[in-house]
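Undergrad: Sharing model-v4.cif below, mmCIF, C-alpha atoms and all ligand atoms:
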data_upload
#
loop_
_atom_site.label_atom_id
_atom_site.label_comp_id
_atom_site.auth_asym_id
_atom_site.auth_seq_id
_atom_site.Cartn_x
_atom_site.Cartn_y
_atom_site.Cartn_z
CA MET C 1464 -15.63 15.39 1.31
CA ALA C 1465 -15.36 12.36 -1.00
CA ALA C 1466 -16.19 12.55 -4.72
CA VAL C 1467 -18.77 9.78 -4.20
CA LYS C 1468 -21.44 9.00 -1.59
CA LYS C 1469 -22.71 5.55 -2.55
CA VAL C 1470 -20.46 2.92 -4.11
CA ALA C 1471 -20.95 -0.67 -5.28
CA ILE C 1472 -18.02 -3.08 -5.34
CA ALA C 1473 -17.94 -6.34 -7.27
CA GLY C 1474 -16.09 -9.16 -5.51
CA CYS C 1475 -14.83 -9.93 -2.06
CA GLY C 1476 -11.08 -10.36 -2.61
CA VAL C 1477 -8.27 -8.22 -1.21
CA ALA C 1478 -8.78 -5.38 -3.72
CA ALA C 1479 -12.51 -5.16 -3.03
CA MET C 1480 -12.23 -5.29 0.72
CA ALA C 1481 -9.37 -2.77 0.96
CA ALA C 1482 -11.36 -0.34 -1.20
CA ALA C 1483 -14.51 -0.96 0.84
CA ILE C 1484 -12.78 -0.29 4.16
CA GLN C 1485 -11.07 2.90 2.96
CA LEU C 1486 -14.29 4.32 1.47
CA ALA C 1487 -16.38 3.41 4.51
CA LYS C 1488 -13.87 5.28 6.70
CA LEU C 1489 -14.74 8.39 4.68
CA GLY C 1490 -18.43 7.94 5.43
CA VAL C 1491 -19.25 6.53 1.97
CA ASP C 1492 -22.19 4.08 1.81
CA VAL C 1493 -20.44 0.92 0.49
CA HIS C 1494 -22.18 -2.18 -0.89
CA VAL C 1495 -20.11 -5.27 -1.73
CA PHE C 1496 -21.62 -7.92 -4.04
CA GLU C 1497 -19.89 -11.31 -4.07
CA LYS C 1498 -21.02 -14.15 -6.28
CA LYS C 1499 -19.85 -16.92 -3.95
CA PRO C 1500 -22.38 -18.06 -1.35
CA GLU C 1501 -20.08 -17.28 1.57
CA LEU C 1502 -16.75 -15.86 2.56
CA THR C 1503 -14.40 -18.56 1.34
CA ALA C 1504 -10.98 -18.30 -0.18
CA LEU C 1505 -8.98 -21.01 -1.80
CA GLY C 1506 -7.50 -22.83 1.18
CA SER C 1507 -3.87 -22.30 0.32
CA GLY C 1508 -1.28 -19.77 1.34
CA ILE C 1509 -0.13 -16.44 0.01
CA THR C 1510 3.12 -14.52 0.26
CA LEU C 1511 2.62 -10.85 0.99
CA GLN C 1512 5.58 -8.65 0.07
CA GLY C 1513 6.55 -5.64 2.18
CA ASN C 1514 4.60 -3.19 0.01
CA ALA C 1515 1.46 -5.30 0.55
CA LEU C 1516 2.09 -5.19 4.31
CA ARG C 1517 2.50 -1.40 4.19
CA ALA C 1518 -0.84 -1.21 2.35
CA LEU C 1519 -2.53 -3.49 4.90
CA ASP C 1520 -1.22 -1.21 7.66
CA GLU C 1521 -2.81 1.77 5.91
CA VAL C 1522 -6.07 -0.17 5.78
CA GLY C 1523 -5.74 -0.71 9.54
CA VAL C 1524 -5.25 -4.48 9.81
CA TRP C 1525 -1.47 -4.86 10.17
CA THR C 1526 -1.56 -5.98 13.81
CA GLN C 1527 -4.04 -8.77 13.05
CA VAL C 1528 -2.12 -9.80 9.91
CA LEU C 1529 1.17 -10.00 11.83
CA GLU C 1530 -0.51 -12.01 14.57
CA LYS C 1531 -1.85 -14.64 12.16
CA GLY C 1532 0.92 -14.74 9.55
CA TYR C 1533 4.59 -15.75 9.49
CA PRO C 1534 7.01 -12.86 8.86
CA ALA C 1535 10.27 -13.80 7.15
CA GLU C 1536 13.44 -12.38 5.68
CA GLY C 1537 15.32 -13.96 2.80
CA LEU C 1538 14.99 -16.87 0.42
CA VAL C 1539 16.90 -20.16 0.70
CA ILE C 1540 17.82 -21.85 -2.59
CA ARG C 1541 18.35 -25.60 -2.52
CA ALA C 1542 19.28 -28.23 -5.09
CA PRO C 1543 17.50 -31.54 -5.71
CA GLY C 1544 19.13 -34.76 -4.59
CA PRO C 1545 20.12 -36.37 -1.28
CA GLY C 1546 20.29 -33.96 1.64
CA ALA C 1547 18.69 -31.11 -0.34
CA PRO C 1548 21.92 -29.07 -0.27
CA VAL C 1549 21.54 -25.34 0.31
CA VAL C 1550 23.03 -23.55 -2.68
CA MET C 1551 22.66 -20.04 -1.34
CA SER C 1552 20.65 -17.81 0.96
CA LEU C 1553 19.47 -14.62 -0.69
CA PRO C 1554 18.43 -11.48 1.15
CA GLU C 1555 15.00 -10.13 0.16
CA ALA C 1556 14.42 -6.44 -0.48
CA LYS C 1557 12.20 -4.68 2.05
CA THR C 1558 9.67 -3.28 -0.40
CA GLY C 1559 7.54 -1.91 2.45
CA GLY C 1560 10.46 -0.03 4.00
CA PRO C 1561 12.26 -0.73 7.29
CA ASP C 1562 9.08 -0.95 9.42
CA TYR C 1563 7.87 -4.21 7.88
CA PRO C 1564 9.41 -7.63 7.27
CA ALA C 1565 10.54 -8.37 3.72
CA SER C 1566 7.57 -10.70 3.34
CA LEU C 1567 4.93 -12.53 5.31
CA GLY C 1568 3.32 -15.87 4.52
CA MET C 1569 -0.31 -16.30 5.41
CA TYR C 1570 -3.22 -18.71 5.13
CA ARG C 1571 -5.50 -17.02 2.55
CA PRO C 1572 -8.75 -17.53 4.47
CA ASP C 1573 -7.16 -15.81 7.49
CA LEU C 1574 -6.36 -12.73 5.39
CA THR C 1575 -9.87 -12.69 3.93
CA GLY C 1576 -11.40 -13.10 7.38
CA ILE C 1577 -9.38 -10.21 8.84
CA LEU C 1578 -10.32 -7.86 6.00
CA HIS C 1579 -13.98 -8.88 6.13
CA ALA C 1580 -14.17 -8.25 9.89
CA ALA C 1581 -12.56 -4.81 9.44
CA ALA C 1582 -15.01 -3.94 6.66
CA MET C 1583 -17.97 -5.04 8.76
CA ALA C 1584 -16.69 -2.90 11.64
CA GLN C 1585 -16.67 0.11 9.29
CA GLY C 1586 -20.31 -0.53 8.33
CA VAL C 1587 -19.79 -2.00 4.83
CA THR C 1588 -22.84 -3.92 3.57
CA PHE C 1589 -22.07 -7.38 2.11
CA ARG C 1590 -24.31 -9.46 -0.12
CA PHE C 1591 -23.19 -13.01 -0.91
CA ASP C 1592 -24.66 -15.23 -3.61
CA ALA C 1593 -24.87 -11.95 -5.51
CA GLU C 1594 -23.37 -12.07 -8.99
CA ILE C 1595 -23.17 -8.81 -10.90
CA THR C 1596 -24.74 -9.62 -14.26
CA GLY C 1597 -25.51 -6.23 -15.81
CA LEU C 1598 -25.08 -2.50 -15.56
CA ALA C 1599 -26.15 0.70 -17.29
CA GLN C 1600 -24.71 4.18 -16.96
CA GLU C 1601 -27.20 7.07 -16.92
CA GLY C 1602 -25.80 10.55 -16.32
CA GLU C 1603 -23.95 10.43 -13.02
CA ARG C 1604 -25.44 7.10 -11.90
CA VAL C 1605 -24.54 3.45 -12.44
CA GLU C 1606 -27.57 1.18 -12.39
CA LEU C 1607 -26.59 -2.26 -11.24
CA VAL C 1608 -28.08 -5.66 -12.00
CA VAL C 1609 -27.35 -8.54 -9.63
CA ASN C 1610 -28.48 -12.11 -10.37
CA GLY C 1611 -30.54 -10.63 -13.22
CA GLU C 1612 -32.46 -8.21 -10.95
CA PRO C 1613 -31.95 -4.42 -10.66
CA VAL C 1614 -30.57 -3.48 -7.22
CA GLY C 1615 -30.56 0.30 -7.46
CA ASP C 1616 -28.05 2.88 -8.55
CA PHE C 1617 -24.67 4.06 -7.36
CA ASP C 1618 -22.20 6.94 -7.91
CA LEU C 1619 -19.46 4.45 -8.80
CA LEU C 1620 -18.98 0.73 -9.45
CA ILE C 1621 -15.58 -0.75 -8.62
CA GLY C 1622 -15.06 -4.02 -10.49
CA ALA C 1623 -12.70 -5.94 -8.19
CA ASP C 1624 -14.07 -9.22 -9.50
CA GLY C 1625 -10.82 -10.94 -10.32
CA LEU C 1626 -9.19 -12.61 -13.32
CA HIS C 1627 -12.36 -13.46 -15.23
CA SER C 1628 -14.04 -10.14 -14.40
CA THR C 1629 -17.63 -9.74 -15.55
CA VAL C 1630 -17.45 -5.99 -14.96
CA ARG C 1631 -14.50 -5.79 -17.36
CA GLU C 1632 -16.59 -7.53 -20.00
CA LEU C 1633 -19.68 -5.41 -19.27
CA ILE C 1634 -17.76 -2.18 -19.94
CA GLY C 1635 -16.33 -3.57 -23.17
CA ILE C 1636 -12.67 -4.07 -22.26
CA ASP C 1637 -11.56 -7.14 -24.17
CA VAL C 1638 -8.08 -7.60 -22.69
CA GLY C 1639 -8.09 -10.69 -20.48
CA PRO C 1640 -5.79 -13.30 -18.93
CA GLN C 1641 -3.59 -15.37 -21.22
CA ARG C 1642 -1.81 -18.54 -20.11
CA THR C 1643 1.93 -18.19 -19.64
CA GLY C 1644 2.67 -21.90 -20.08
CA MET C 1645 3.20 -22.72 -16.41
CA GLY C 1646 0.92 -24.52 -13.97
CA ALA C 1647 1.32 -25.13 -10.24
CA TRP C 1648 0.18 -27.54 -7.59
CA ARG C 1649 -0.24 -25.95 -4.22
CA ALA C 1650 -0.79 -27.82 -0.97
CA PHE C 1651 -1.36 -26.61 2.55
CA VAL C 1652 0.84 -28.66 4.88
CA SER C 1653 2.50 -28.61 8.31
CA ARG C 1654 5.71 -26.60 8.79
CA PRO C 1655 8.85 -28.57 9.71
CA SER C 1656 10.67 -26.52 12.38
CA GLU C 1657 13.78 -26.18 10.18
CA VAL C 1658 11.80 -24.08 7.63
CA VAL C 1659 11.89 -20.46 8.75
CA SER C 1660 11.61 -18.64 5.42
CA SER C 1661 10.60 -19.31 1.83
CA GLU C 1662 12.74 -21.95 0.17
CA ALA C 1663 12.95 -22.93 -3.49
CA PHE C 1664 14.57 -25.87 -5.26
CA TYR C 1665 15.72 -25.30 -8.83
CA GLY C 1666 16.45 -28.26 -11.10
CA GLY C 1667 14.79 -31.65 -11.15
CA PRO C 1668 11.50 -32.55 -12.85
CA VAL C 1669 9.75 -29.17 -12.35
CA TYR C 1670 10.72 -25.51 -12.79
CA ILE C 1671 10.50 -24.73 -9.07
CA ALA C 1672 9.68 -26.78 -5.98
CA GLY C 1673 9.12 -24.51 -3.03
CA TYR C 1674 7.33 -23.73 0.19
CA THR C 1675 6.56 -20.72 2.38
CA PRO C 1676 5.69 -20.76 6.10
CA THR C 1677 2.28 -19.26 6.91
CA SER C 1678 2.24 -19.73 10.71
CA GLU C 1679 4.15 -21.55 13.46
CA ASP C 1680 2.36 -24.76 12.46
CA ALA C 1681 1.68 -24.51 8.74
CA MET C 1682 3.08 -23.63 5.34
CA TYR C 1683 2.12 -23.96 1.71
CA ALA C 1684 4.14 -26.01 -0.72
CA PHE C 1685 4.13 -25.71 -4.50
CA LEU C 1686 5.49 -27.37 -7.60
CA VAL C 1687 5.61 -25.24 -10.74
CA GLU C 1688 5.61 -27.27 -13.97
CA PRO C 1689 4.72 -26.85 -17.68
CA ALA C 1690 0.94 -26.23 -17.74
CA HIS C 1691 -1.14 -29.37 -18.26
CA ASP C 1692 -4.88 -29.79 -18.46
CA ARG C 1693 -5.44 -31.52 -15.14
CA SER C 1694 -9.05 -30.39 -14.77
CA ALA C 1695 -10.43 -33.94 -14.82
CA LEU C 1696 -8.38 -35.07 -11.80
CA SER C 1697 -9.86 -35.65 -8.35
CA ASP C 1698 -8.29 -34.13 -5.22
CA GLU C 1699 -6.73 -37.50 -4.40
CA GLU C 1700 -5.21 -37.79 -7.89
CA HIS C 1701 -3.75 -34.28 -7.61
CA ALA C 1702 -2.22 -35.20 -4.26
CA ARG C 1703 -0.80 -38.44 -5.67
CA LEU C 1704 0.76 -36.70 -8.67
CA MET C 1705 2.19 -33.94 -6.50
CA TYR C 1706 3.57 -36.61 -4.17
CA GLU C 1707 5.18 -38.60 -7.01
CA THR C 1708 6.65 -35.53 -8.70
CA SER C 1709 8.12 -34.29 -5.44
CA LEU C 1710 10.09 -37.52 -4.90
CA ALA C 1711 13.05 -35.81 -6.59
CA TYR C 1712 13.31 -33.44 -3.64
CA ASP C 1713 14.73 -34.33 -0.25
CA GLY C 1714 14.93 -32.38 3.03
CA PRO C 1715 11.67 -30.67 4.07
CA TRP C 1716 9.88 -32.33 1.13
CA ASN C 1717 9.90 -35.59 3.14
CA SER C 1718 7.61 -33.98 5.70
CA ILE C 1719 5.45 -32.42 2.95
CA ARG C 1720 5.04 -35.83 1.33
CA ALA C 1721 3.89 -37.34 4.62
CA ASP C 1722 1.13 -34.72 4.77
CA LEU C 1723 0.19 -35.29 1.13
CA LEU C 1724 -0.44 -38.93 2.00
CA THR C 1725 -2.56 -38.29 5.08
CA SER C 1726 -4.52 -35.05 4.52
CA PRO C 1727 -4.30 -33.91 0.94
CA GLN C 1728 -5.46 -30.30 0.36
CA VAL C 1729 -4.11 -29.78 -3.14
CA ASN C 1730 -5.17 -27.51 -5.99
CA TYR C 1731 -3.78 -26.97 -9.46
CA THR C 1732 -3.78 -23.61 -11.27
CA TRP C 1733 -2.44 -22.24 -14.52
CA PHE C 1734 -0.46 -19.03 -14.42
CA THR C 1735 -1.77 -16.16 -16.51
CA SER C 1736 -0.82 -12.64 -17.39
CA HIS C 1737 -2.57 -9.57 -18.76
CA LEU C 1738 -2.57 -5.83 -18.36
CA VAL C 1739 -5.27 -3.47 -19.54
CA PRO C 1740 -2.89 -1.05 -21.26
CA ASP C 1741 -5.00 2.11 -21.22
CA ALA C 1742 -7.89 3.43 -19.14
CA TRP C 1743 -9.23 1.02 -16.49
CA ASN C 1744 -12.49 2.96 -16.29
CA ARG C 1745 -15.42 3.57 -18.58
CA GLY C 1746 -17.38 6.47 -17.15
CA ARG C 1747 -18.21 5.70 -13.54
CA VAL C 1748 -17.14 2.06 -13.65
CA VAL C 1749 -13.53 1.08 -12.97
CA ILE C 1750 -11.71 -2.25 -12.67
CA ILE C 1751 -8.89 -2.87 -10.19
CA GLY C 1752 -6.76 -5.81 -8.99
CA ASP C 1753 -6.70 -9.01 -11.04
CA ALA C 1754 -9.57 -7.66 -13.16
CA ALA C 1755 -7.13 -5.08 -14.58
CA HIS C 1756 -3.86 -7.04 -14.47
CA SER C 1757 -2.52 -10.47 -13.60
CA CYS C 1758 0.87 -12.10 -13.56
CA PRO C 1759 2.48 -15.40 -12.62
CA PRO C 1760 3.40 -15.31 -8.91
CA THR C 1761 7.13 -15.47 -9.69
CA ILE C 1762 7.76 -12.31 -7.66
CA ALA C 1763 4.57 -12.60 -5.54
CA GLN C 1764 3.27 -9.09 -6.23
CA GLY C 1765 -0.34 -9.84 -7.26
CA ALA C 1766 -2.00 -9.03 -3.95
CA ALA C 1767 0.32 -6.07 -3.35
CA GLN C 1768 -0.70 -4.53 -6.68
CA ALA C 1769 -4.39 -5.21 -6.00
CA LEU C 1770 -4.09 -3.50 -2.60
CA GLU C 1771 -2.20 -0.54 -4.06
CA ASP C 1772 -4.88 -0.09 -6.76
CA ALA C 1773 -7.51 0.08 -4.02
CA LEU C 1774 -5.55 2.54 -1.89
CA VAL C 1775 -4.63 4.91 -4.71
CA LEU C 1776 -8.20 4.93 -6.05
CA THR C 1777 -9.75 5.60 -2.65
CA GLU C 1778 -7.14 8.26 -1.83
CA LEU C 1779 -8.08 10.08 -5.06
CA LEU C 1780 -11.79 9.71 -4.35
CA GLU C 1781 -11.11 11.46 -1.05
CA SER C 1782 -8.90 14.24 -2.42
CA HIS C 1783 -10.99 15.09 -5.51
CA ASP C 1784 -14.34 16.88 -5.23
CA GLU C 1785 -15.74 15.21 -8.31
CA LEU C 1786 -15.41 11.99 -10.23
CA GLY C 1787 -14.07 13.49 -13.45
CA GLN C 1788 -11.30 13.01 -15.98
CA ALA C 1789 -8.69 14.67 -13.74
CA LEU C 1790 -9.18 11.92 -11.16
CA TRP C 1791 -8.98 9.14 -13.74
CA ASP C 1792 -5.87 10.64 -15.36
CA GLU C 1793 -4.11 10.76 -12.02
CA PHE C 1794 -5.23 7.22 -11.18
CA HIS C 1795 -3.87 5.80 -14.41
CA ALA C 1796 -0.64 7.82 -14.23
CA ARG C 1797 0.04 6.37 -10.77
CA ARG C 1798 -1.10 2.79 -11.34
CA LEU C 1799 -0.35 1.77 -14.92
CA PRO C 1800 3.47 2.06 -14.96
CA ARG C 1801 3.77 0.28 -11.63
CA ALA C 1802 1.44 -2.59 -12.55
CA ALA C 1803 3.16 -2.84 -15.95
CA ALA C 1804 6.60 -3.16 -14.32
CA VAL C 1805 5.33 -6.00 -12.12
CA VAL C 1806 3.55 -7.86 -14.93
CA GLU C 1807 6.51 -7.58 -17.31
CA ALA C 1808 9.08 -8.71 -14.74
CA SER C 1809 6.91 -11.58 -13.45
CA VAL C 1810 6.33 -12.88 -16.97
CA GLN C 1811 10.02 -12.50 -17.84
CA VAL C 1812 11.17 -14.48 -14.79
CA GLY C 1813 8.71 -17.26 -15.70
CA GLN C 1814 9.79 -17.23 -19.34
CA TRP C 1815 13.46 -17.56 -18.38
CA GLN C 1816 12.49 -20.66 -16.39
CA ILE C 1817 10.52 -22.09 -19.32
CA ASP C 1818 13.46 -21.42 -21.66
CA GLY C 1819 15.95 -22.91 -19.20
CA ASP C 1820 18.05 -19.75 -19.57
CA GLN C 1821 21.10 -20.30 -17.34
CA HIS C 1822 22.50 -16.82 -17.88
CA ALA C 1823 19.40 -14.77 -17.12
CA ASP C 1824 19.90 -12.10 -14.48
CA VAL C 1825 16.86 -13.12 -12.38
CA GLY C 1826 18.26 -11.55 -9.22
CA GLY C 1827 19.02 -8.28 -11.01
CA LEU C 1828 15.51 -7.99 -12.43
CA MET C 1829 13.86 -8.87 -9.12
CA PHE C 1830 16.00 -6.32 -7.30
CA ALA C 1831 15.13 -3.61 -9.86
CA VAL C 1832 11.39 -4.25 -9.42
CA ALA C 1833 11.73 -4.38 -5.65
CA GLN C 1834 13.41 -0.96 -5.68
CA LYS C 1835 10.46 0.43 -7.67
CA MET C 1836 7.96 -1.12 -5.25
CA ALA C 1837 9.82 0.28 -2.23
CA VAL C 1838 8.71 3.76 -3.32
CA PRO C 1839 5.13 4.14 -2.01
CA ALA C 1840 2.48 3.82 -4.76
C1 LIG C 1901 -1.25 -20.04 -8.18
C2 LIG C 1901 -1.26 -18.60 -7.74
C3 LIG C 1901 -0.45 -18.22 -6.66
C4 LIG C 1901 -0.44 -16.89 -6.25
N1 LIG C 1901 0.38 -16.54 -5.21
C5 LIG C 1901 0.45 -15.24 -4.84
C6 LIG C 1901 1.31 -14.84 -3.78
O1 LIG C 1901 1.98 -15.65 -3.15
N2 LIG C 1901 1.37 -13.52 -3.47
C7 LIG C 1901 0.60 -12.57 -4.13
O2 LIG C 1901 0.69 -11.37 -3.81
N3 LIG C 1901 -0.22 -12.93 -5.13
C8 LIG C 1901 -0.33 -14.23 -5.49
N4 LIG C 1901 -1.17 -14.59 -6.50
C9 LIG C 1901 -2.03 -13.55 -7.11
C10 LIG C 1901 -3.12 -13.13 -6.16
O3 LIG C 1901 -3.82 -14.26 -5.70
C11 LIG C 1901 -4.09 -12.15 -6.84
O4 LIG C 1901 -3.35 -11.15 -7.51
C12 LIG C 1901 -5.02 -11.47 -5.86
O5 LIG C 1901 -5.70 -12.43 -5.07
C13 LIG C 1901 -6.04 -10.61 -6.62
O6 LIG C 1901 -7.03 -10.14 -5.75
P1 LIG C 1901 -8.38 -9.51 -6.32
O7 LIG C 1901 -9.05 -8.94 -5.11
O8 LIG C 1901 -8.07 -8.59 -7.45
O9 LIG C 1901 -9.22 -10.69 -6.93
P2 LIG C 1901 -9.82 -12.10 -6.31
O10 LIG C 1901 -9.10 -12.38 -5.05
O11 LIG C 1901 -9.77 -13.03 -7.41
O12 LIG C 1901 -11.29 -11.70 -5.94
C14 LIG C 1901 -12.29 -11.55 -6.92
C15 LIG C 1901 -13.64 -11.90 -6.31
O13 LIG C 1901 -14.68 -11.50 -7.22
C16 LIG C 1901 -15.71 -12.48 -7.19
N5 LIG C 1901 -16.49 -12.33 -8.43
C17 LIG C 1901 -16.13 -12.70 -9.69
N6 LIG C 1901 -17.08 -12.35 -10.58
C18 LIG C 1901 -18.07 -11.74 -9.87
C19 LIG C 1901 -19.31 -11.14 -10.24
N7 LIG C 1901 -19.72 -11.10 -11.50
N8 LIG C 1901 -20.09 -10.61 -9.26
C20 LIG C 1901 -19.69 -10.64 -7.95
N9 LIG C 1901 -18.51 -11.20 -7.55
C21 LIG C 1901 -17.70 -11.73 -8.51
C22 LIG C 1901 -14.96 -13.79 -7.04
O14 LIG C 1901 -15.81 -14.80 -6.55
C23 LIG C 1901 -13.85 -13.39 -6.07
O15 LIG C 1901 -14.24 -13.59 -4.72
C24 LIG C 1901 -1.24 -15.91 -6.93
C25 LIG C 1901 -2.05 -16.29 -8.00
C26 LIG C 1901 -2.05 -17.62 -8.40
C27 LIG C 1901 -2.92 -18.03 -9.56
#
Could you express the structure from this file as structure tokens?
Ligand SMILES: Cc1cc2nc3c(=O)[nH]c(=O)nc-3n(C[C@H](O)[C@H](O)[C@H](O)COP(=O)(O)OP(=O)(O)OC[C@H]3O[C@@H](n4cnc5c(N)ncnc54)[C@H](O)[C@@H]3O)c2cc1C

TA:
Amino acid sequence: MAAVKKVAIAGCGVAAMAAAIQLAKLGVDVHVFEKKPELTALGSGITLQGNALRALDEVGVWTQVLEKGYPAEGLVIRAPGPGAPVVMSLPEAKTGGPDYPASLGMYRPDLTGILHAAAMAQGVTFRFDAEITGLAQEGERVELVVNGEPVGDFDLLIGADGLHSTVRELIGIDVGPQRTGMGAWRAFVSRPSEVVSSEAFYGGPVYIAGYTPTSEDAMYAFLVEPAHDRSALSDEEHARLMYETSLAYDGPWNSIRADLLTSPQVNYTWFTSHLVPDAWNRGRVVIIGDAAHSCPPTIAQGAAQALEDALVLTELLESHDELGQALWDEFHARRLPRAAAVVEASVQVGQWQIDGDQHADVGGLMFAVAQKMAVPA
């Protein structure tokens, strides 16, 4: 018997949909409100670490994810210059345990589509074009306002509404994303057959030039540079700048450049970080995923942490008879240290790149975090 019967969820990202599926499996009446008009996700790729794959298996979508994505082991490090010499091949830790690949690259809209279909199959109700704009807590109910209109009341509101969370603001938490000083172009391109795992170039005009396969045919490529305000640029200008900057890199970048010329799908994003350091709930409203914490994708743990938040919260909602302080204490004890370890390490790795620190033990820090993540959340 779950501690809640009727739940509203803000957002339609991985955190929201994992929580929705798990609650619906328990027979909870779940209503998802998403401000976008339809199910779209930024058309780039994502790297899912083993612990994210383990979480997706628990949600029940691992077979579909494996079918659509590109599983890989290890990271190839190359240097700029003619021939793109391979400097080393690093093994990646299996943070999901031996049953899953170390990581899997995927086209984001495919992941969103799989989760949405699974949620629909469990009977979750979705409303698009539905922005949560207000809430009030009365006794054991949360009254919700969507697009300025009341939409009824719920036992719990899960704010999985991302980096710039409205729910976070509505419950008075004023910790939010801060820029880390890095920005990245990302492009969705075709996969040259020689690329069978993530590869990264260090050195040259940007901090990192890399790419990750997302299927037999496709991969996403990225250039991480000092953050610039590039908001005024058109898609074509982004593609041109990414093309010109990438000229320092040989090997698979030649194929990427050909795609940038013909079918540019490029976006530019700043990296941010934040962590709500104490309770993520106020009464019967809680924030999870990027609403509660964000980090630069230097160790690609953002989605994994968002999924783990959803799974731990829904597990506790199943095992507790009531939505009281005991549940929240257990939730925070299990989630805060883990999210903090990821945010701190991700920021540190990025900062070492910004500082050009040649002696930093990047591998050691990444291995230490991976060992933590290998222990189930
Ligand atoms: C450049 C970049 C690269 C990244 N690469 C990786 C990677 O390779 N691997 C990885 O694991 N992580 C990566 N991340 C991080 C990862 O994308 C996030 O951690 C993850 O998507 C967070 O999921 P979420 O469900 O919490 O939020 P989101 O996916 O942001 O979903 C939030 C949803 O809420 C909706 N919403 C917002 N406000 C409202 C409202 N008021 N009412 C209703 N709906 C609302 C939004 O429209 C959105 O659909 C990357 C991040 C960046 C910036």

Undergrad: Between C:Ala1623, C:Ala1581, C:Ala1802, C:Val1825, single out the one closest to Phe1496 of chain C, counting only C-alpha atoms.

TA: C:Ala1623

Undergrad: Counting only C-alpha atoms and all ligand atoms, give me one row per residue of chain C with an atom at most 6 Å from an atom of ligand LIG 1901 (chain C), showing the shortest contact pair and its distance in Å to one decimal, sorted by chain then residue number, as a tab-separated table.

TA:
residue	atom	partner	partner_atom	distance
C:Ala1473	CA	C:LIG1901	C20	4.7
C:Gly1474	CA	C:LIG1901	O13	3.2
C:Cys1475	CA	C:LIG1901	O15	4.6
C:Gly1476	CA	C:LIG1901	O7	3.5
C:Val1477	CA	C:LIG1901	O7	4.0
C:Ala1478	CA	C:LIG1901	O7	3.8
C:Ala1479	CA	C:LIG1901	O7	5.5
C:Phe1496	CA	C:LIG1901	C20	5.1
C:Glu1497	CA	C:LIG1901	N9	3.7
C:Lys1498	CA	C:LIG1901	N9	4.1
C:Lys1499	CA	C:LIG1901	O14	5.3
C:Ile1509	CA	C:LIG1901	O1	3.9
C:Thr1510	CA	C:LIG1901	O1	3.8
C:Leu1511	CA	C:LIG1901	O2	5.2
C:Ala1593	CA	C:LIG1901	C20	5.9
C:Glu1594	CA	C:LIG1901	N8	3.6
C:Ile1595	CA	C:LIG1901	N8	3.9
C:Thr1596	CA	C:LIG1901	N7	5.9
C:Ala1623	CA	C:LIG1901	O8	5.4
C:Asp1624	CA	C:LIG1901	O13	3.3
C:Gly1625	CA	C:LIG1901	O11	3.7
C:Leu1626	CA	C:LIG1901	O11	6.0
C:Ser1628	CA	C:LIG1901	N6	5.4
C:Thr1629	CA	C:LIG1901	N7	4.8
C:Thr1732	CA	C:LIG1901	C1	5.4
C:Phe1734	CA	C:LIG1901	C27	5.5
C:Gly1752	CA	C:LIG1901	O8	3.4
C:Asp1753	CA	C:LIG1901	O8	3.9
C:Ala1754	CA	C:LIG1901	O8	6.0
C:Pro1760	CA	C:LIG1901	C4	4.9
C:Ala1763	CA	C:LIG1901	N2	3.9
C:Gln1764	CA	C:LIG1901	O2	4.2
C:Gly1765	CA	C:LIG1901	O4	3.3
C:Ala1766	CA	C:LIG1901	O2	3.6
C:Ala1767	CA	C:LIG1901	O2	5.3
C:Ala1769	CA	C:LIG1901	O8	5.2

Undergrad: Could you jot down the atom CA of Ser1661 of chain C to atom CA of Glu1679 of chain C separation for me, Å, one decimal place?

TA: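 Between these atoms lies a distance of 13.5 Å.
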
Undergrad: For Leu1567 of chain C, which of C:Leu1598, C:Met1682, C:Val1491, C:Val1608 is the closest residue, counting all atoms listed in the file?

TA: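 For Leu1567 of chain C, the nearest of the given residues is C:Met1682.
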
Undergrad: Which of these residues is nearest to Thr1588 of chain C, using all atoms listed in the file: C:Leu1780, C:Ala1487, C:Met1551, C:Gly1508?

TA: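 Smallest distance to Thr1588 of chain C is found for C:Ala1487.
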
Undergrad: If you count only C-alpha atoms, which residues fall within 12 Å of Met1829 of chain C, apart from same-chain ones fewer than 2 positions away, as a compact mmCIF listing (two decimals) with C-alpha atoms, in the frame of the given file?

TA:
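Okay, part_5.txt is ready:
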# COMPACT_ATOMS: atom_id res chain seq x y z
CA LEU C 1553 19.47 -14.62 -0.69
CA PRO C 1554 18.43 -11.48 1.15
CA GLU C 1555 15.00 -10.13 0.16
CA ALA C 1556 14.42 -6.44 -0.48
CA THR C 1558 9.67 -3.28 -0.40
CA THR C 1761 7.13 -15.47 -9.69
CA ILE C 1762 7.76 -12.31 -7.66
CA ALA C 1763 4.57 -12.60 -5.54
CA GLN C 1764 3.27 -9.09 -6.23
CA ALA C 1804 6.60 -3.16 -14.32
CA VAL C 1805 5.33 -6.00 -12.12
CA VAL C 1806 3.55 -7.86 -14.93
CA GLU C 1807 6.51 -7.58 -17.31
CA ALA C 1808 9.08 -8.71 -14.74
CA SER C 1809 6.91 -11.58 -13.45
CA VAL C 1810 6.33 -12.88 -16.97
CA GLN C 1811 10.02 -12.50 -17.84
CA VAL C 1812 11.17 -14.48 -14.79
CA GLY C 1813 8.71 -17.26 -15.70
CA ALA C 1823 19.40 -14.77 -17.12
CA ASP C 1824 19.90 -12.10 -14.48
CA VAL C 1825 16.86 -13.12 -12.38
CA GLY C 1826 18.26 -11.55 -9.22
CA GLY C 1827 19.02 -8.28 -11.01
CA ALA C 1831 15.13 -3.61 -9.86
CA VAL C 1832 11.39 -4.25 -9.42
CA ALA C 1833 11.73 -4.38 -5.65
CA GLN C 1834 13.41 -0.96 -5.68
CA LYS C 1835 10.46 0.43 -7.67
CA MET C 1836 7.96 -1.12 -5.25
